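Each remark here refers to the structure printed beneath this line.
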Amino acid sequence: MTENAATTSPVPERRRFAFDLKAASPFIALAALILLGAVVNPDFLTVSNLTNVVTRSAFIAIIAVGATFVIASGGLDLSVGSMAAFTAGLMILTLNKLGGAETSTLLMAMGVALMVAAACGLFNGLVVTVGKIEPFIVTLGTMGIFRSLVIFLAAGGTITLRDSGMREMYRPLYFGSVMGIPIPVIAILLVAGLGALLLYKTPFGRHVVAVGSNEDVARYSGVPVSRVRLLTYVIQGICVGIAVLIYVPRLGSATPTTGLLWELQAITAVVIGGTALRGGVGRIWGTVAGAVILELVANIMVFSNFVSEYLVGAVQGSIIIIAMLVQRSLQRAR
Amino acid sequence: MKHTMLKSLAIAGLAVGLAGAAHAQEKKNVTIAVSIPAATHGWTGGAVYHAEEAAKRLQQTHPGLKVIVKTSPDGASQANALDDLMAQKIDALVVLPFNSDELTNPVREVKKRGTFITVVDRGLKDASIQDIYVAGNNPEFGRVAGKYFADTLKQGNVVVLRGIPTVIDDERVTNFEKALEGSGVKVIDKQYANWNRDDAFRVMQDYLSKHPKIDAVWASDDDMALGVLEAIRQAKREDIKFVLGGAGMKEMVKRVMDGDKMIPVNVSYPPALVATAMNVTAAHFYGNAPARGTYVLNAELITKDNAKNYYFPDSPF
Amino acid sequence: MSSVLEAREIGKSFGPVEVLRGIPLALQAGEVHAVIGENGAGKSTLMRILSGHLQPSAGSLAMDGQPLVFTGPVDAEKRGIVLVHQEILLAPDLTIAQNLFLGREMRRGLFVDDAAMNRIAAAKMAELGARLDPRMPVRELSIAQRQLVQIARALLAPHRVVIFDEPTATLSGVEAEALFLAIHQLKAKGVAVLYISHRLPEVKAIADRVTVLRDGRHVTTRDMAELDPAGMARLMVGRDMANLYPPRTPAPVAEPVLEARDIAVPGYVETASFALQKGEILGFAGLIGAGRTELFEAIVGLRPHRGEVRLEGRPVAFRDAARSMAAGIVYLSEDRKGKGLLLQQDLRVNLTLAALSRFARSGLVAESQEWAELDKAIAGFDIRARRKEMLAGQLSGGNQQKLLLAKMMLLEPRIVIIDEPTRGIDIGTKEQIYRFIAELAAQGRSIVVISSEMPELIGLCHRVIVMRAGRIAGEVTGDDIAEDPIMFLATGVHEEEVAEMAAGAP
């Protein structure tokens, strides 16, 4: 128990511009990794490479923003990877069914994707809250369900966007850029910005943190615990939907391996970003940094000439653990 | 399909009495079980498709023949599936095992019941279990590709995308490199991309940033080749002369047929070999002579001229 | 004769804030030494230094006259100093015996010897007056029983000095009595006991010497014989504490605002009916487990129940706390740390959590307004916080209770239900909370005080309803509100036995 000093004034001052090392540490780790990359191979530090990496991290980053909500409220969603594949599959099938290369067709298919993903999230949320089942089990189940639905839709093969006109029209959503910034990067910034606003500045966001911090306290404070939990899963679904919108134009296809292990990457990004797995803390921008870190580590592996391809996984794992250790020691040093 | 079968058998250099119309009237009750991995990749997807097509056709040709096709998502479930199939009194088992180590013993159990065993693609640890072994030729798959690089490029820089660390991948890559020996073609980088389009896209993007001059890409798989092509297109790089995938995905075979400059050839490794195995197994029961032995479907270079023989528009793969 | 454990001019600062300065304390073998002081006086910090959890910033420690430095709590424990924490630090899913032996399990060969551990655990618990099945999981125990398990666990280690940090805060009279017996046995064995408590009569009864701290400084150390509870209170607060309770107001005229009829809470309350009047302070007395907390949790919608609740004559049925809050009823849980405050979040987040919608401006939380409200609450409720950004868990117990009060008052309730309003709170803060409750009633609000502290029910309430074993046993009003009739109703036992049982309690 901390005691008050005799000198405590009745209304203490607030430190307005305190430097929050905890929040900054994922970015410090990110900077350190970039430095490491530059040492490993000078070609690493080119605009085009770094742009590629950040652009590629878009799917995981956007999904992980949703995961930040779920995890901050004390939940977990293992189904995001399968959900992404399922949504992408349905979206492409919609495009193929409607045919043609009209803008309206594309918009309709995008709407379908967002709705499908939100519905998947809603389903997860309902089973967790109404069924009162551990989220780990629920989403492990839906992970299998969504995954086999994709395989079923693809009849084991690949779901490919057939209309080449549509393909060309849609393609810039991944490959295009506005004022030199790739569109997926803009999407990350938008989603994370909205996520941060929602989590930090709205009553709902406050409730998310409260539920994750201590469900009982939240309940005794009149917080609608079930509704808050439910909504976090819906938000997760919508984020998956947005990620799919920029995933589909990249390769124009969904396969049974689409989104494989994305759930683990998203959770890793969230944790690297400083969000506690037990809930109660959510760091949106840290999560984005975490997603970029993951992609960057894989990139550095390809760029390094001295790591045998057999050992890439080991080195990758070690770098992530070291990055976390550095972060933690930075936080403790305070 | 019958056409493919004929061809395969010819390649294998074995003459087997054909189960044809001549014997179709003879009503003999036979149950063949087919155990294959679930469709988690384009190629396995194709395998499932061909297995089901073959099942339909065989049951039409031979009244009294029952074919049960069972897919499993991993090795352990496949072993369980074998137990279930055994309970149904089967006369023959066609199995494409997930991996040799895990499934050798379960298949041996089936064999002990006197069941006729046909193994496809991945051989068992104990070769005495299998009555028939039908396989694609992985070393050949790598060698044919390597030879094409050596012959076409003469010299230059090549990057390689590997699949999932397995014996299959290893045999392919080792023989690819062996085929390049002595030529001026050099492998400047190789990384695993897990027979996955997204991973291939990522690895290729990084190759393009890392290496200023790449002459050709061996993607070693058509799924990966698609990811590679997209990365090249984005980077607008002109130095890459061609990309070679493999396994004969229909879209890729189509591009070879259409004379796409970036996709001049492909190497076959047909998922239809499951169908071949089923045909041979059926022939064992309905044909004139019992079938035994090893059937190797060679990996062949698919070129613009012969591509139409490898093109199945209805297959998902 | 040299002391077993001695603090020599101990000082402690957290950053720029000095929490302790120049504290001397010498513990003799075979004595019970009490340390008293208000919340924030530095008692807990001193305990943590003596038990190796904190390093002093100034001064030194000595054992048997030899100066030494503890490297940590494990080191201190190895030297025979054990601390019985105020907070419950047990694994809820393990059994009593498993908790007692956690980290020092008895073995027979390769396996743990459950039979022996269960036997010893049952014996140790019985020594503390608790006859419990050692195979019961701790989750199923009451807070008081958990506290006893914690004490038994500490006493299992070899010890020369035992430090109790408010051990009786959650215990009822009978349970506390058993603990005092255990302390006497320790003393007889020559163990030095350091005893921290807010309950001054209990300190008077049990301690040989007493050290008083105020605002992080040493006020005095005296023999117990020289002081009575009033004198101790004076030394702690630094002024006269004759009027702990606000002046009694006459009972309000009957104008029921809340009526409960035949409320039943499965497993806790069989049936209960009562009415709360406008402007009334209604006390609820009873032993732990009588069903008081559960009755009111049911009424505000936190527990499933049967029966009828009327609010100003209209029947209501709340499905959750949000609805009862909207109707003007708030419930402040006895479990401040588990159900009242988010210990890992800062003061602002805690303050506005229940009334958050009032701070929403076009969908966003108006932070500047929250900070302003925090300033108001800190001033209005006299919350002593070192920094405004500090976490609720870093506040002392009394300040946590003030923060919880401030949080619920933001809802501007008409009916306030406070469960154990002063548990674990020092006398100065108690006085503030009592005054505040009286003010609320004077404003025309209705208050329910659930308490196990008899004096506060007697000093504060217009009327006291007593519960026993899930039913309402009776009611005392006006001048009849006194210890004996309440205890009689609560226990159903003859008055003389009651007096005997309550002897240790204040």
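The chains in the structure tokens are called A, B, ... from first to last as shown; in each chain the residues are counted from 1, and the ligands are counted from 1 in the order shown.
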
- Task: Name all residues at most 7 Å from Asp74 of chain B (count only C-alpha atoms; drop same-chain ones fewer than 4 positions away) and give them as a list in words.
- Result: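 Near Asp74 of chain B, the qualifying residues are Pro37, Gln78 and Phe98 of chain B.
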
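Excluding Val107 of chain B and any residue on its chain fewer than 6 positions from it, the residues at most 10 Å away by only C-alpha atoms are Ala79, Leu82, Asp83, Leu93, Val95, Pro97, Thr115, Ile117, Val119, Leu124, Ile129 and Gln130 of chain B.
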
Same residues, N, CA and C atoms, saved as an mmCIF file, in the first residue's frame:
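Output below, filename out.cif:
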data_model
loop_
_atom_site.group_PDB
_atom_site.id
_atom_site.type_symbol
_atom_site.label_atom_id
_atom_site.label_comp_id
_atom_site.auth_asym_id
_atom_site.auth_seq_id
_atom_site.Cartn_x
_atom_site.Cartn_y
_atom_site.Cartn_z
ATOM 1 N N ALA B 79 -5.297 -41.587 -39.895
ATOM 2 C CA ALA B 79 -5.149 -42.890 -39.246
ATOM 3 C C ALA B 79 -6.493 -43.342 -38.675
ATOM 4 N N LEU B 82 -8.781 -44.536 -41.376
ATOM 5 C CA LEU B 82 -8.451 -45.887 -41.830
ATOM 6 C C LEU B 82 -9.136 -46.930 -40.948
ATOM 7 N N ASP B 83 -9.165 -46.670 -39.632
ATOM 8 C CA ASP B 83 -9.858 -47.570 -38.718
ATOM 9 C C ASP B 83 -11.319 -47.695 -39.114
ATOM 10 N N LEU B 93 -7.686 -50.733 -50.651
ATOM 11 C CA LEU B 93 -7.514 -49.385 -50.120
ATOM 12 C C LEU B 93 -6.542 -48.627 -51.015
ATOM 13 N N VAL B 95 -4.535 -45.256 -50.880
ATOM 14 C CA VAL B 95 -4.224 -44.259 -49.858
ATOM 15 C C VAL B 95 -3.127 -43.301 -50.326
ATOM 16 N N PRO B 97 -0.975 -41.055 -48.365
ATOM 17 C CA PRO B 97 -0.719 -40.772 -46.952
ATOM 18 C C PRO B 97 -0.188 -39.355 -46.730
ATOM 19 N N THR B 115 -6.515 -56.905 -47.100
ATOM 20 C CA THR B 115 -6.953 -55.865 -48.040
ATOM 21 C C THR B 115 -5.851 -55.581 -49.054
ATOM 22 N N ILE B 117 -3.650 -53.208 -51.148
ATOM 23 C CA ILE B 117 -3.223 -51.847 -50.816
ATOM 24 C C ILE B 117 -2.563 -51.161 -52.012
ATOM 25 N N VAL B 119 -0.705 -47.540 -52.768
ATOM 26 C CA VAL B 119 -0.211 -46.318 -52.139
ATOM 27 C C VAL B 119 0.097 -45.304 -53.226
ATOM 28 N N LEU B 124 5.316 -45.604 -48.307
ATOM 29 C CA LEU B 124 5.366 -45.978 -46.901
ATOM 30 C C LEU B 124 6.788 -46.365 -46.538
ATOM 31 N N ILE B 129 4.397 -53.500 -47.695
ATOM 32 C CA ILE B 129 2.969 -53.400 -47.391
ATOM 33 C C ILE B 129 2.175 -53.174 -48.675
ATOM 34 N N GLN B 130 2.738 -52.359 -49.556
ATOM 35 C CA GLN B 130 1.935 -51.942 -50.694
ATOM 36 C C GLN B 130 1.972 -52.973 -51.828
#

- Query: Looking only at the backbone, which of the residues in segment 58-160 of chain C does DSSP tag as alpha helix (DSSP H), as a VMD selection string?
  - Reply: chain C and resid 73 to 78 96 to 100 114 to 127 143 to 156

Keeping only C-alpha atoms, write the selected residues to a file as a CSV table (one decimal), in the first residue's frame.
chain,number,residue,atom,x,y,z
C,73,PRO,CA,10.9,-11.0,1.7
C,74,VAL,CA,12.3,-14.5,1.2
C,75,ASP,CA,15.5,-13.5,3.1
C,76,ALA,CA,13.4,-11.9,5.9
C,77,GLU,CA,11.3,-15.0,6.1
C,78,LYS,CA,14.4,-17.2,6.3
C,96,ILE,CA,-7.3,-25.0,2.3
C,97,ALA,CA,-4.6,-27.6,2.8
C,98,GLN,CA,-3.0,-27.0,-0.6
C,99,ASN,CA,-2.9,-23.3,0.1
C,100,LEU,CA,-1.4,-23.7,3.5
C,114,ASP,CA,-2.1,-35.1,0.9
C,115,ALA,CA,-3.3,-37.1,3.9
C,116,ALA,CA,-0.7,-35.6,6.2
C,117,MET,CA,-1.1,-32.1,4.9
C,118,ASN,CA,-4.9,-32.3,5.3
C,119,ARG,CA,-4.5,-33.6,8.9
C,120,ILE,CA,-2.1,-30.8,9.8
C,121,ALA,CA,-4.1,-28.1,8.0
C,122,ALA,CA,-7.3,-29.2,9.9
C,123,ALA,CA,-5.4,-29.0,13.2
C,124,LYS,CA,-3.9,-25.6,12.4
C,125,MET,CA,-7.2,-24.2,11.4
C,126,ALA,CA,-8.8,-25.6,14.5
C,127,GLU,CA,-6.2,-23.8,16.6
C,143,ILE,CA,-13.5,-13.5,3.3
C,144,ALA,CA,-13.1,-14.0,7.1
C,145,GLN,CA,-12.3,-17.6,6.6
C,146,ARG,CA,-9.8,-16.8,3.9
C,147,GLN,CA,-8.1,-14.4,6.3
C,148,LEU,CA,-7.8,-17.2,8.8
C,149,VAL,CA,-6.3,-19.5,6.2
C,150,GLN,CA,-3.8,-16.8,5.4
C,151,ILE,CA,-2.9,-16.5,9.1
C,152,ALA,CA,-2.5,-20.2,9.5
C,153,ARG,CA,-0.3,-20.3,6.4
C,154,ALA,CA,2.0,-17.6,7.8
C,155,LEU,CA,2.3,-19.4,11.2
C,156,LEU,CA,3.3,-22.7,9.5

- Find the residues of chain A in contact range of chain B, meaning any atom within 8 Å when counting only C-alpha atoms, and list them as a PyMOL selection string. chain A and resi 43-44+48-49+52+56+151+154-158+175+250-251+255-258+299+302-303+309

Serialized selection, N, CA, C and O atoms, as an mmCIF file, in the first residue's frame:
data_model
loop_
_atom_site.group_PDB
_atom_site.id
_atom_site.type_symbol
_atom_site.label_atom_id
_atom_site.label_comp_id
_atom_site.auth_asym_id
_atom_site.auth_seq_id
_atom_site.Cartn_x
_atom_site.Cartn_y
_atom_site.Cartn_z
ATOM 1 N N ASP A 43 20.840 -2.778 -48.790
ATOM 2 C CA ASP A 43 19.680 -2.655 -49.678
ATOM 3 C C ASP A 43 18.362 -2.646 -48.916
ATOM 4 O O ASP A 43 17.321 -2.317 -49.477
ATOM 5 N N PHE A 44 18.441 -3.039 -47.653
ATOM 6 C CA PHE A 44 17.232 -3.097 -46.843
ATOM 7 C C PHE A 44 16.612 -1.715 -46.703
ATOM 8 O O PHE A 44 15.400 -1.542 -46.760
ATOM 9 N N SER A 48 11.494 1.739 -51.306
ATOM 10 C CA SER A 48 10.572 0.759 -51.876
ATOM 11 C C SER A 48 10.456 -0.473 -50.983
ATOM 12 O O SER A 48 9.371 -1.002 -50.785
ATOM 13 N N ASN A 49 11.575 -0.905 -50.396
ATOM 14 C CA ASN A 49 11.482 -2.076 -49.522
ATOM 15 C C ASN A 49 10.644 -1.789 -48.296
ATOM 16 O O ASN A 49 9.740 -2.544 -47.951
ATOM 17 N N ASN A 52 7.077 -1.609 -49.156
ATOM 18 C CA ASN A 52 6.542 -2.958 -49.338
ATOM 19 C C ASN A 52 6.171 -3.591 -48.003
ATOM 20 O O ASN A 52 5.105 -4.166 -47.848
ATOM 21 N N ARG A 56 2.518 -4.629 -46.784
ATOM 22 C CA ARG A 56 2.194 -6.025 -46.558
ATOM 23 C C ARG A 56 1.623 -6.279 -45.173
ATOM 24 O O ARG A 56 0.854 -7.207 -44.950
ATOM 25 N N ILE A 151 -13.043 -24.198 -47.820
ATOM 26 C CA ILE A 151 -12.640 -25.367 -48.601
ATOM 27 C C ILE A 151 -13.842 -25.884 -49.384
ATOM 28 O O ILE A 151 -13.751 -26.224 -50.556
ATOM 29 N N ALA A 154 -14.594 -23.570 -52.246
ATOM 30 C CA ALA A 154 -13.592 -23.668 -53.290
ATOM 31 C C ALA A 154 -13.560 -25.069 -53.886
ATOM 32 O O ALA A 154 -12.801 -25.322 -54.809
ATOM 33 N N ALA A 155 -14.407 -25.939 -53.355
ATOM 34 C CA ALA A 155 -14.391 -27.352 -53.757
ATOM 35 C C ALA A 155 -12.955 -27.862 -53.742
ATOM 36 O O ALA A 155 -12.519 -28.595 -54.614
ATOM 37 N N GLY A 156 -12.212 -27.425 -52.748
ATOM 38 C CA GLY A 156 -10.858 -27.898 -52.594
ATOM 39 C C GLY A 156 -9.835 -27.123 -53.389
ATOM 40 O O GLY A 156 -8.647 -27.202 -53.128
ATOM 41 N N GLY A 157 -10.268 -26.353 -54.357
ATOM 42 C CA GLY A 157 -9.278 -25.671 -55.181
ATOM 43 C C GLY A 157 -9.117 -24.217 -54.795
ATOM 44 O O GLY A 157 -8.979 -23.902 -53.626
ATOM 45 N N THR A 158 -9.145 -23.356 -55.775
ATOM 46 C CA THR A 158 -8.905 -21.951 -55.567
ATOM 47 C C THR A 158 -10.123 -21.173 -56.040
ATOM 48 O O THR A 158 -10.691 -21.504 -57.082
ATOM 49 N N PHE A 175 -2.411 -2.039 -54.841
ATOM 50 C CA PHE A 175 -1.144 -1.586 -55.436
ATOM 51 C C PHE A 175 -1.064 -0.088 -55.637
ATOM 52 O O PHE A 175 0.002 0.455 -55.874
ATOM 53 N N ARG A 250 -5.082 -7.996 -54.190
ATOM 54 C CA ARG A 250 -3.668 -8.298 -54.346
ATOM 55 C C ARG A 250 -3.466 -9.493 -55.267
ATOM 56 O O ARG A 250 -2.777 -9.383 -56.284
ATOM 57 N N LEU A 251 -4.045 -10.627 -54.944
ATOM 58 C CA LEU A 251 -3.837 -11.806 -55.772
ATOM 59 C C LEU A 251 -5.127 -12.246 -56.463
ATOM 60 O O LEU A 251 -5.127 -13.181 -57.246
ATOM 61 N N THR A 255 -7.701 -19.077 -51.296
ATOM 62 C CA THR A 255 -7.423 -20.510 -51.327
ATOM 63 C C THR A 255 -7.659 -21.064 -49.921
ATOM 64 O O THR A 255 -7.795 -20.290 -48.972
ATOM 65 N N PRO A 256 -7.701 -22.361 -49.792
ATOM 66 C CA PRO A 256 -7.847 -22.927 -48.441
ATOM 67 C C PRO A 256 -6.702 -22.533 -47.513
ATOM 68 O O PRO A 256 -6.831 -22.694 -46.302
ATOM 69 N N THR A 257 -5.608 -22.016 -48.039
ATOM 70 C CA THR A 257 -4.521 -21.600 -47.139
ATOM 71 C C THR A 257 -4.529 -20.103 -46.876
ATOM 72 O O THR A 257 -3.686 -19.612 -46.131
ATOM 73 N N THR A 258 -5.465 -19.380 -47.453
ATOM 74 C CA THR A 258 -5.554 -17.945 -47.174
ATOM 75 C C THR A 258 -5.774 -17.711 -45.677
ATOM 76 O O THR A 258 -6.610 -18.366 -45.069
ATOM 77 N N ASN A 299 11.072 -9.911 -43.286
ATOM 78 C CA ASN A 299 11.786 -9.215 -44.354
ATOM 79 C C ASN A 299 13.303 -9.254 -44.133
ATOM 80 O O ASN A 299 14.084 -9.582 -45.033
ATOM 81 N N VAL A 302 14.876 -12.539 -45.057
ATOM 82 C CA VAL A 302 15.166 -12.751 -46.473
ATOM 83 C C VAL A 302 16.412 -11.960 -46.877
ATOM 84 O O VAL A 302 17.211 -12.404 -47.694
ATOM 85 N N PHE A 303 16.564 -10.778 -46.260
ATOM 86 C CA PHE A 303 17.683 -9.922 -46.648
ATOM 87 C C PHE A 303 19.025 -10.386 -46.097
ATOM 88 O O PHE A 303 20.067 -10.039 -46.623
ATOM 89 N N GLU A 309 18.123 -20.994 -44.790
ATOM 90 C CA GLU A 309 16.659 -20.969 -44.823
ATOM 91 C C GLU A 309 16.050 -21.980 -43.866
ATOM 92 O O GLU A 309 14.905 -21.865 -43.488
#

- Query: Quick one: DSSP strand (DSSP E or B) residues in segment 11-207 of chain B, as number ranges by chain?
  - Reply: B: 30-37, 65-72, 92-95, 116-120, 132-136, 155-162, 184-192

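In this model, the gap between atom CA of Glu168 of chain A and atom CA of Leu106 of chain A comes to 11.8 Å.
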
- Query: Within 8 Å of His50 of chain B, counting only C-alpha atoms, which residues qualify if same-chain residues fewer than 4 places away don't, as a list in words?
  - Reply: Gly46, Ala54, Pro271, Ala272, Val274, Ala275 and Ser315 of chain B

- Message: Can you pull out the residues contacting segment 144-151 of chain B? Cut-off 6 Å, using only C-alpha atoms, and skip same-chain residues under 2 positions away; I want them as an MDAnalysis selection string.
- Response: chainID B and resid 140:142 153:154 176 179:180 183

Can you write out the residues you just picked, keeping all heavy atoms, as a short mmCIF file (atom, residue, chain, number, x, y, z; two decimals), in the first residue's frame?
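Resulting contents of again_16.cif:
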data_model
loop_
_atom_site.label_atom_id
_atom_site.label_comp_id
_atom_site.auth_asym_id
_atom_site.auth_seq_id
_atom_site.Cartn_x
_atom_site.Cartn_y
_atom_site.Cartn_z
N GLU B 140 12.68 -36.08 -60.48
CA GLU B 140 12.56 -35.75 -61.88
C GLU B 140 11.94 -34.36 -62.07
O GLU B 140 12.31 -33.59 -62.95
CB GLU B 140 11.69 -36.82 -62.57
CG GLU B 140 11.58 -36.71 -64.07
CD GLU B 140 12.89 -37.00 -64.79
OE1 GLU B 140 13.87 -37.41 -64.12
OE2 GLU B 140 12.95 -36.77 -66.01
N PHE B 141 10.96 -34.05 -61.19
CA PHE B 141 10.28 -32.75 -61.20
C PHE B 141 11.31 -31.61 -61.09
O PHE B 141 11.26 -30.63 -61.81
CB PHE B 141 9.32 -32.71 -60.01
CG PHE B 141 8.49 -31.45 -59.89
CD1 PHE B 141 7.21 -31.40 -60.41
CD2 PHE B 141 8.99 -30.33 -59.24
CE1 PHE B 141 6.45 -30.25 -60.29
CE2 PHE B 141 8.23 -29.18 -59.11
CZ PHE B 141 6.96 -29.15 -59.65
N GLY B 142 12.29 -31.80 -60.17
CA GLY B 142 13.32 -30.79 -60.01
C GLY B 142 14.30 -30.81 -61.18
O GLY B 142 14.74 -29.76 -61.67
N LEU B 153 18.49 -20.48 -70.29
CA LEU B 153 19.19 -19.28 -69.85
C LEU B 153 20.67 -19.31 -70.22
O LEU B 153 21.28 -18.28 -70.47
CB LEU B 153 19.09 -19.13 -68.33
CG LEU B 153 17.78 -18.58 -67.78
CD1 LEU B 153 17.86 -18.54 -66.26
CD2 LEU B 153 17.50 -17.17 -68.31
N LYS B 154 21.25 -20.52 -70.21
CA LYS B 154 22.70 -20.69 -70.36
C LYS B 154 23.45 -20.11 -69.16
O LYS B 154 24.21 -20.80 -68.50
CB LYS B 154 23.24 -20.05 -71.66
CG LYS B 154 22.51 -20.52 -72.90
CD LYS B 154 22.99 -21.90 -73.35
CE LYS B 154 22.53 -22.25 -74.75
NZ LYS B 154 21.05 -22.43 -74.86
N PHE B 176 17.04 -30.02 -58.72
CA PHE B 176 17.05 -28.79 -59.51
C PHE B 176 18.46 -28.22 -59.55
O PHE B 176 19.01 -27.90 -60.61
CB PHE B 176 16.07 -27.79 -58.90
CG PHE B 176 16.06 -26.45 -59.57
CD1 PHE B 176 15.35 -26.25 -60.76
CD2 PHE B 176 16.75 -25.36 -59.03
CE1 PHE B 176 15.32 -25.02 -61.37
CE2 PHE B 176 16.73 -24.13 -59.65
CZ PHE B 176 16.02 -23.95 -60.83
N ALA B 179 20.89 -30.26 -61.57
CA ALA B 179 20.73 -30.09 -63.01
C ALA B 179 21.38 -28.81 -63.51
O ALA B 179 21.74 -28.69 -64.68
CB ALA B 179 19.25 -30.10 -63.38
N LEU B 180 21.54 -27.84 -62.59
CA LEU B 180 22.16 -26.57 -63.00
C LEU B 180 23.67 -26.67 -63.01
O LEU B 180 24.35 -25.84 -63.63
CB LEU B 180 21.76 -25.45 -62.03
CG LEU B 180 20.29 -25.01 -62.03
CD1 LEU B 180 20.11 -23.84 -61.09
CD2 LEU B 180 19.84 -24.63 -63.43
N SER B 183 26.43 -25.45 -65.66
CA SER B 183 25.94 -24.38 -66.52
C SER B 183 26.31 -23.04 -65.88
O SER B 183 26.82 -23.00 -64.76
CB SER B 183 24.43 -24.47 -66.71
OG SER B 183 23.80 -24.02 -65.52
#

- Query: Quick one: distance from atom CA of Thr94 of chain A to atom CA of Ala109 of chain A in Å, one decimal?
  - Reply: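 So the two atoms, atom CA of Thr94 of chain A and atom CA of Ala109 of chain A, lie 5.9 Å apart.
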
- Query: In terms of the shortest atom-to-atom distance over only C-alpha atoms, which of B:Lys70, B:Lys250, B:Arg122, B:Lys241 is closest to Asn137 of chain B?
  - Reply: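 Nearest to Asn137 of chain B: B:Arg122.
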
- Query: Can you tell me, as a list of chain:residue names, what residues are no more than 8 Å from Ile68 of chain B when counting only C-alpha atoms, ignoring any on the same chain fewer than 3 positions away?
  - Reply: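 Within the cut-off, the hits are B:Thr31, B:Ile32, B:Ala33, B:Val34, B:Ala55.
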
- Find the spatial neighbours of Thr51 of chain A, counting only C-alpha atoms, within a cut-off of 9 Å - ignore same-chain residues fewer than 3 positions away - and output them as a list of chain:residue names.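 Everything that qualifies: A:Thr46, A:Val47, A:Ser48, A:Val54, A:Thr55, A:Arg56, A:Ile181, A:Pro182, A:Val185.
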
Requested write-out: all heavy atoms of the selected residues, as a short mmCIF file (atom, residue, chain, number, x, y, z; two decimals), in the first residue's frame:
data_model
loop_
_atom_site.label_atom_id
_atom_site.label_comp_id
_atom_site.auth_asym_id
_atom_site.auth_seq_id
_atom_site.Cartn_x
_atom_site.Cartn_y
_atom_site.Cartn_z
N THR A 46 15.82 0.84 -48.29
CA THR A 46 15.35 1.62 -49.42
C THR A 46 13.88 1.93 -49.21
O THR A 46 13.17 1.20 -48.52
CB THR A 46 15.49 0.84 -50.74
OG1 THR A 46 14.74 -0.37 -50.61
CG2 THR A 46 16.93 0.51 -51.04
N VAL A 47 13.44 3.03 -49.81
CA VAL A 47 12.05 3.43 -49.64
C VAL A 47 11.13 2.31 -50.14
O VAL A 47 10.15 1.96 -49.49
CB VAL A 47 11.76 4.74 -50.42
CG1 VAL A 47 10.28 5.08 -50.35
CG2 VAL A 47 12.61 5.86 -49.84
N SER A 48 11.49 1.74 -51.31
CA SER A 48 10.57 0.76 -51.88
C SER A 48 10.46 -0.47 -50.98
O SER A 48 9.37 -1.00 -50.78
CB SER A 48 11.02 0.36 -53.28
OG SER A 48 12.19 -0.42 -53.20
N VAL A 54 5.61 -2.26 -44.99
CA VAL A 54 4.48 -1.66 -44.27
C VAL A 54 3.17 -2.01 -44.98
O VAL A 54 2.17 -2.32 -44.35
CB VAL A 54 4.66 -0.14 -44.15
CG1 VAL A 54 3.48 0.47 -43.42
CG2 VAL A 54 5.95 0.18 -43.42
N THR A 55 3.21 -1.97 -46.33
CA THR A 55 1.99 -2.29 -47.07
C THR A 55 1.56 -3.72 -46.80
O THR A 55 0.38 -4.00 -46.59
CB THR A 55 2.26 -2.12 -48.58
OG1 THR A 55 2.84 -0.83 -48.79
CG2 THR A 55 0.98 -2.21 -49.38
N ARG A 56 2.52 -4.63 -46.78
CA ARG A 56 2.19 -6.02 -46.56
C ARG A 56 1.62 -6.28 -45.17
O ARG A 56 0.85 -7.21 -44.95
CB ARG A 56 3.44 -6.88 -46.72
CG ARG A 56 3.63 -7.29 -48.14
CD ARG A 56 4.84 -8.10 -48.42
NE ARG A 56 5.85 -8.22 -47.42
CZ ARG A 56 7.16 -8.26 -47.68
NH1 ARG A 56 7.59 -8.17 -48.93
NH2 ARG A 56 8.03 -8.41 -46.72
N ILE A 181 1.56 7.63 -50.83
CA ILE A 181 1.32 6.69 -49.73
C ILE A 181 0.44 5.56 -50.25
O ILE A 181 -0.67 5.82 -50.73
CB ILE A 181 0.62 7.38 -48.55
CG1 ILE A 181 1.43 8.62 -48.13
CG2 ILE A 181 0.50 6.41 -47.37
CD1 ILE A 181 0.71 9.49 -47.14
N PRO A 182 0.91 4.32 -50.16
CA PRO A 182 0.11 3.19 -50.64
C PRO A 182 -1.25 3.15 -49.95
O PRO A 182 -1.35 3.44 -48.74
CB PRO A 182 0.94 1.97 -50.27
CG PRO A 182 2.32 2.47 -50.07
CD PRO A 182 2.19 3.89 -49.60
N VAL A 185 -1.62 1.37 -46.64
CA VAL A 185 -1.06 2.10 -45.49
C VAL A 185 -2.06 3.13 -45.01
O VAL A 185 -2.26 3.32 -43.79
CB VAL A 185 0.28 2.77 -45.88
CG1 VAL A 185 0.82 3.57 -44.70
CG2 VAL A 185 1.29 1.72 -46.31
#
